[in-house]
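Just below is one structure, and these are the notes that go with it.
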Amino acid sequence: MNFGFSEEQEMLRDQVRRFMQEDLGLPQVKALTKASTGFDPALWQKAASLGWLGLTIPEKFGGLGLSWVDLTVLLEEAGRGLSPLPFVSHALTIEAILAVCGKAQKEMWLSAMAQGQAICTTALYDEPNWIHPDAITLKGVRESGGVRINGSKHFVSDACAADYFMVAIRIEKQLAMVAVGKEQVSVKAQPQMDATKPSGSVTFNNVLIDDSMVFKLSRKQLDFLTNCGAVAVTAEAVGAAEAAHKLTVNYANQRVQFDNLIGKYQGVKHRLADMYVDIESFKSLLYYAAWAVNQSPAELPRAISLAKGYAADAFAQIGIDVVGLHGAIGFTAEYDAQLYLKRSKWVRPAFGDSDFHLQRVATLGGV
C-alpha cells in the first residue's frame with residue numbers, strides 16, 4: 001500500500017500550516033483560550049471559505065466529498081499549532097449525521113456546517129473515561145410526539161461555542177441520538193487542564209424533543225463514531241507531538257550547560273531519539289486507520305486501537321520529557337513546553353485510553 005500523500009493533499013497541508021502560523025500562531029492561541037468560548041467566528045469562517053469544513057461532507061450535501069485521509073492532513077496541522085478551533089467536534093458530528101439522520105436532516109445541516117453557518121458538536125458517553133454502551137446513561141422518556149429529557153452530559157467538547165448538539169441518550173433499553181439547539185439546553189463551561197480544548201456541561205431541564213429530531217443509534221454506529229473520534233484525536237496528537245519534539249530539539253541545540261550544548265549529552269540525545277521513534281510509529285498506525293475509515297471499515301477497530309493505544313501513553317511521556325528537557329523554564333506558563341504536556345493529558349483518555357484500546361486489540365486478536 002502506498003502511504004504517500006498526493007500533491008493535492010500536500011498543498012492542503014501547506015495551506016493549513018500557513019494558516020496556523022499566520023492567523024493562529026501560539027500567541028493568538030493563548031489569547032483565544034482566555035475568551036469565554038475559546039472560539040473565534042472569523043477564523044472559523046475563514047476555514048469554511050477555504051473548504052476545510054466540508055472535506056468529508058458528500059458533494060450532494062454541499063461538501064467536497066473527500067476522505068478521512070484528507071481530513072487527517074488538516075487535523076495533523078491543526079494539532080501541530082494546538083488549534084482551539086472545534087475541528088474534531090465538527091468532523092465527528094458530520095459522521096454522526098451521515099450515520100443516523102435522514103436525507104432531509106442531512107440536506108438541512110451538512111450544507112450549513114460546510115459553510116461555517118452551524119457550529120456543531122457531538123456528546124456520546126456520560127462517563128468520559130468509560131467507553132461502552134452502558135456508559136450512555138442520560139435517559140429520555142417517550143411522550144406523544146416526542147421524547148422528554150432531564151439530566152446532563154458533562155465534558156462535552158466545544159459545548160460553549162456550539163449552536164447545535166447531537167446527543168446520545170437511552171430510551172428504555174434502546175440507544176438513540178437527539179439533535180438539539182443551544183436555545184433548548186443550558187450550557188456551562190467546565191474547567192479543563194488543556195485550555196485549547198474547552199468543554200462544558202449540557203443540561204436538559206424538562207426538554208421535549210420532537211420525534212423528527214430523535215434518531216435510532218445502533219451499537220455498530222456507536223462503535224464507528226467512537227472509532228472516528230479516536231482517529232481525529234490521534235491525528236491531532238501526531239501534529240502536537242511533532243511540534244513538541246521540534247521545540248525541544250531546537251532548545252537542545254541552543255541551551256549551554258557545563259560549556260556544552262545540552263544536545264551533546266547522551267541523556268538528551270537518546271530521549272529525543274526515542275520521541276522520534278514513538279511519533280513515527282503511532283503516525284504510521286494512524287495513517288492506516290484513517291485509510292480504513294472509508295476504504296475498509298471492518299479493519300478500523302483494530303487499526304485505530306493500535307494507533308490510539310500507542311499514542312495515548314507515548315504522547316503523555318513525550319509531554320513529560322519535553323518539559324523535563326527544558327529544565328525549569330519548561331514548567332512556566334510563559335513558555336510553550338507546558339502547552340504540549342497539557343495537550344497530551346487531554347489526548348490520553350479521549351475516546352479511549354491505552355488500557356481500553358490495547359485490551360480491544362487483544363480481544364480482536366482472539367486473546
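Scheme for the C-alpha cells: letters A, B, ... for chains in order shown; per-chain residue numbers from 1; ligand numbers from 1 in order shown.
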
Point to revise | DSSP alpha helix (DSSP H) selection over stretch 182-243 of chain A, as number ranges by chain | key: A: 219-243

Output N, CA and C atoms of each residue in that selection to a file, as a compact mmCIF listing (two decimals), in the first residue's frame.
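Output below, filename result10.txt:
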```
# COMPACT_ATOMS: atom_id res chain seq x y z
N ARG A 219 -25.56 -0.22 18.10
CA ARG A 219 -24.25 -0.47 18.72
C ARG A 219 -23.15 -0.31 17.67
N LYS A 220 -23.40 -0.78 16.46
CA LYS A 220 -22.41 -0.68 15.39
C LYS A 220 -22.13 0.78 15.05
N GLN A 221 -23.17 1.60 14.99
CA GLN A 221 -22.98 3.03 14.70
C GLN A 221 -22.23 3.72 15.82
N LEU A 222 -22.54 3.37 17.06
CA LEU A 222 -21.83 3.96 18.20
C LEU A 222 -20.35 3.60 18.15
N ASP A 223 -20.05 2.36 17.86
CA ASP A 223 -18.65 1.93 17.76
C ASP A 223 -17.93 2.69 16.66
N PHE A 224 -18.60 2.86 15.52
CA PHE A 224 -17.98 3.57 14.40
C PHE A 224 -17.69 5.02 14.77
N LEU A 225 -18.63 5.68 15.41
CA LEU A 225 -18.42 7.07 15.81
C LEU A 225 -17.29 7.18 16.83
N THR A 226 -17.22 6.23 17.75
CA THR A 226 -16.13 6.23 18.73
C THR A 226 -14.79 6.07 18.02
N ASN A 227 -14.74 5.18 17.04
CA ASN A 227 -13.51 4.95 16.29
C ASN A 227 -13.11 6.21 15.51
N CYS A 228 -14.07 6.87 14.91
CA CYS A 228 -13.79 8.12 14.18
C CYS A 228 -13.26 9.19 15.11
N GLY A 229 -13.85 9.28 16.30
CA GLY A 229 -13.35 10.24 17.28
C GLY A 229 -11.92 9.95 17.67
N ALA A 230 -11.59 8.67 17.83
CA ALA A 230 -10.22 8.29 18.18
C ALA A 230 -9.25 8.60 17.05
N VAL A 231 -9.67 8.40 15.80
CA VAL A 231 -8.83 8.76 14.66
C VAL A 231 -8.53 10.26 14.66
N ALA A 232 -9.58 11.06 14.86
CA ALA A 232 -9.41 12.52 14.85
C ALA A 232 -8.48 12.98 15.97
N VAL A 233 -8.66 12.45 17.16
CA VAL A 233 -7.82 12.84 18.30
C VAL A 233 -6.37 12.43 18.07
N THR A 234 -6.16 11.23 17.53
CA THR A 234 -4.81 10.75 17.29
C THR A 234 -4.13 11.56 16.20
N ALA A 235 -4.89 11.98 15.20
CA ALA A 235 -4.33 12.82 14.14
C ALA A 235 -3.81 14.13 14.72
N GLU A 236 -4.59 14.77 15.59
CA GLU A 236 -4.11 15.98 16.22
C GLU A 236 -2.91 15.71 17.13
N ALA A 237 -2.91 14.53 17.76
CA ALA A 237 -1.79 14.18 18.64
C ALA A 237 -0.49 14.05 17.86
N VAL A 238 -0.55 13.54 16.63
CA VAL A 238 0.65 13.43 15.80
C VAL A 238 1.27 14.80 15.57
N GLY A 239 0.45 15.76 15.15
CA GLY A 239 0.96 17.10 14.89
C GLY A 239 1.51 17.75 16.14
N ALA A 240 0.79 17.63 17.25
CA ALA A 240 1.23 18.24 18.50
C ALA A 240 2.53 17.61 19.00
N ALA A 241 2.64 16.29 18.90
CA ALA A 241 3.86 15.61 19.35
C ALA A 241 5.06 16.01 18.49
N GLU A 242 4.85 16.13 17.18
CA GLU A 242 5.95 16.54 16.31
C GLU A 242 6.39 17.97 16.63
N ALA A 243 5.43 18.84 16.90
CA ALA A 243 5.78 20.22 17.26
C ALA A 243 6.54 20.27 18.58
```

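If you measure from each of A:Val322, A:Ala189, A:Ala350, A:Leu306 to A:Thr248 using only C-alpha atoms, the closest one turns out to be A:Val322.
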
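With only C-alpha atoms as the basis for measurement, A:Met113 is the residue among A:Leu272, A:Leu66, A:Met113, A:Leu71 that approaches A:Gln45 most closely.
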
Point to revise | All residues 10 Å or closer to stretch 89-98 of chain A, only C-alpha atoms, same chain fewer than 4 positions away omitted, as JSON, numbers by chain | key: {"A": [53, 54, 55, 56, 57, 58, 68, 71, 75, 85, 102, 103, 105, 106, 109, 110, 113, 114, 116, 118, 119, 120, 121, 122, 123, 156, 157, 158, 159, 162, 164, 165, 166, 167, 177, 179, 215, 217, 221, 222, 224, 225, 226, 227, 228, 229, 230, 231, 232, 233]}

Exercise for review: Output as a PyMOL selection string all residues of stretch 79-207 of chain A that backbone DSSP marks as strand (DSSP E or B).
Suggested key: chain A and resi 120-123+139-143+146-157+164-171+174-181+186-190+199-207

Would you output that residue set with C-alpha atoms, as a short mmCIF file (atom, residue, chain, number, x, y, z; two decimals), in the first residue's frame?
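Final output, out-v1.cif:
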```
data_model
loop_
_atom_site.label_atom_id
_atom_site.label_comp_id
_atom_site.auth_asym_id
_atom_site.auth_seq_id
_atom_site.Cartn_x
_atom_site.Cartn_y
_atom_site.Cartn_z
CA CYS A 120 -21.93 21.58 15.98
CA THR A 121 -20.61 19.09 18.48
CA THR A 122 -21.45 15.53 19.49
CA ALA A 123 -21.82 14.10 23.00
CA LYS A 139 -32.46 8.96 29.72
CA GLY A 140 -35.31 10.04 27.53
CA VAL A 141 -38.97 9.23 28.17
CA ARG A 142 -41.37 8.67 25.31
CA GLU A 143 -44.36 11.01 25.14
CA GLY A 146 -41.53 13.26 21.14
CA VAL A 147 -39.04 12.37 23.88
CA ARG A 148 -38.69 14.27 27.17
CA ILE A 149 -35.22 14.54 28.70
CA ASN A 150 -34.00 15.59 32.13
CA GLY A 151 -30.33 15.40 33.04
CA SER A 152 -26.88 16.45 31.90
CA LYS A 153 -23.97 15.49 29.68
CA HIS A 154 -20.63 16.54 31.12
CA PHE A 155 -17.32 17.35 29.44
CA VAL A 156 -18.89 17.93 26.04
CA SER A 157 -16.19 19.21 23.71
CA TYR A 164 -26.32 22.56 17.82
CA PHE A 165 -25.69 19.28 19.64
CA MET A 166 -26.00 15.65 18.63
CA VAL A 167 -26.51 13.85 21.95
CA ALA A 168 -26.59 10.12 22.66
CA ILE A 169 -29.33 9.07 25.07
CA ARG A 170 -31.08 5.94 26.27
CA ILE A 171 -34.81 5.42 25.73
CA GLN A 174 -32.55 1.34 23.32
CA LEU A 175 -29.86 3.82 22.31
CA ALA A 176 -30.78 6.93 20.34
CA MET A 177 -29.41 10.29 19.30
CA VAL A 178 -31.24 13.57 19.56
CA ALA A 179 -30.49 16.85 17.82
CA VAL A 180 -30.96 19.99 19.92
CA GLY A 181 -30.20 23.68 19.55
CA SER A 186 -28.35 25.06 29.42
CA VAL A 187 -24.61 25.09 28.74
CA LYS A 188 -21.95 25.77 31.35
CA ALA A 189 -18.18 25.81 30.84
CA GLN A 190 -16.21 23.20 32.76
CA SER A 199 -15.56 21.66 27.23
CA GLY A 200 -18.82 22.19 29.05
CA SER A 201 -21.85 20.53 30.58
CA VAL A 202 -25.11 20.42 28.61
CA THR A 203 -28.19 20.27 30.83
CA PHE A 204 -31.71 19.29 29.75
CA ASN A 205 -34.37 20.78 32.00
CA ASN A 206 -37.61 19.00 31.11
CA VAL A 207 -36.86 19.39 27.38
#
```

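Nearest-residue note for A:Ala112: choosing from A:Tyr125, A:Phe61, A:Phe19, A:Tyr310, the minimum distance belongs to A:Phe61, counting only C-alpha atoms.
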
Review point. Any idea what the distance is between atom CA of A:Ala333 and atom CA of A:Met193?
Key: 12.4 Å

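Remark: for A:Ala31, the closest of the candidate residues A:Ala195, A:Leu43, A:Lys269, A:Gly327 is A:Ala195 (distances computed over only C-alpha atoms).
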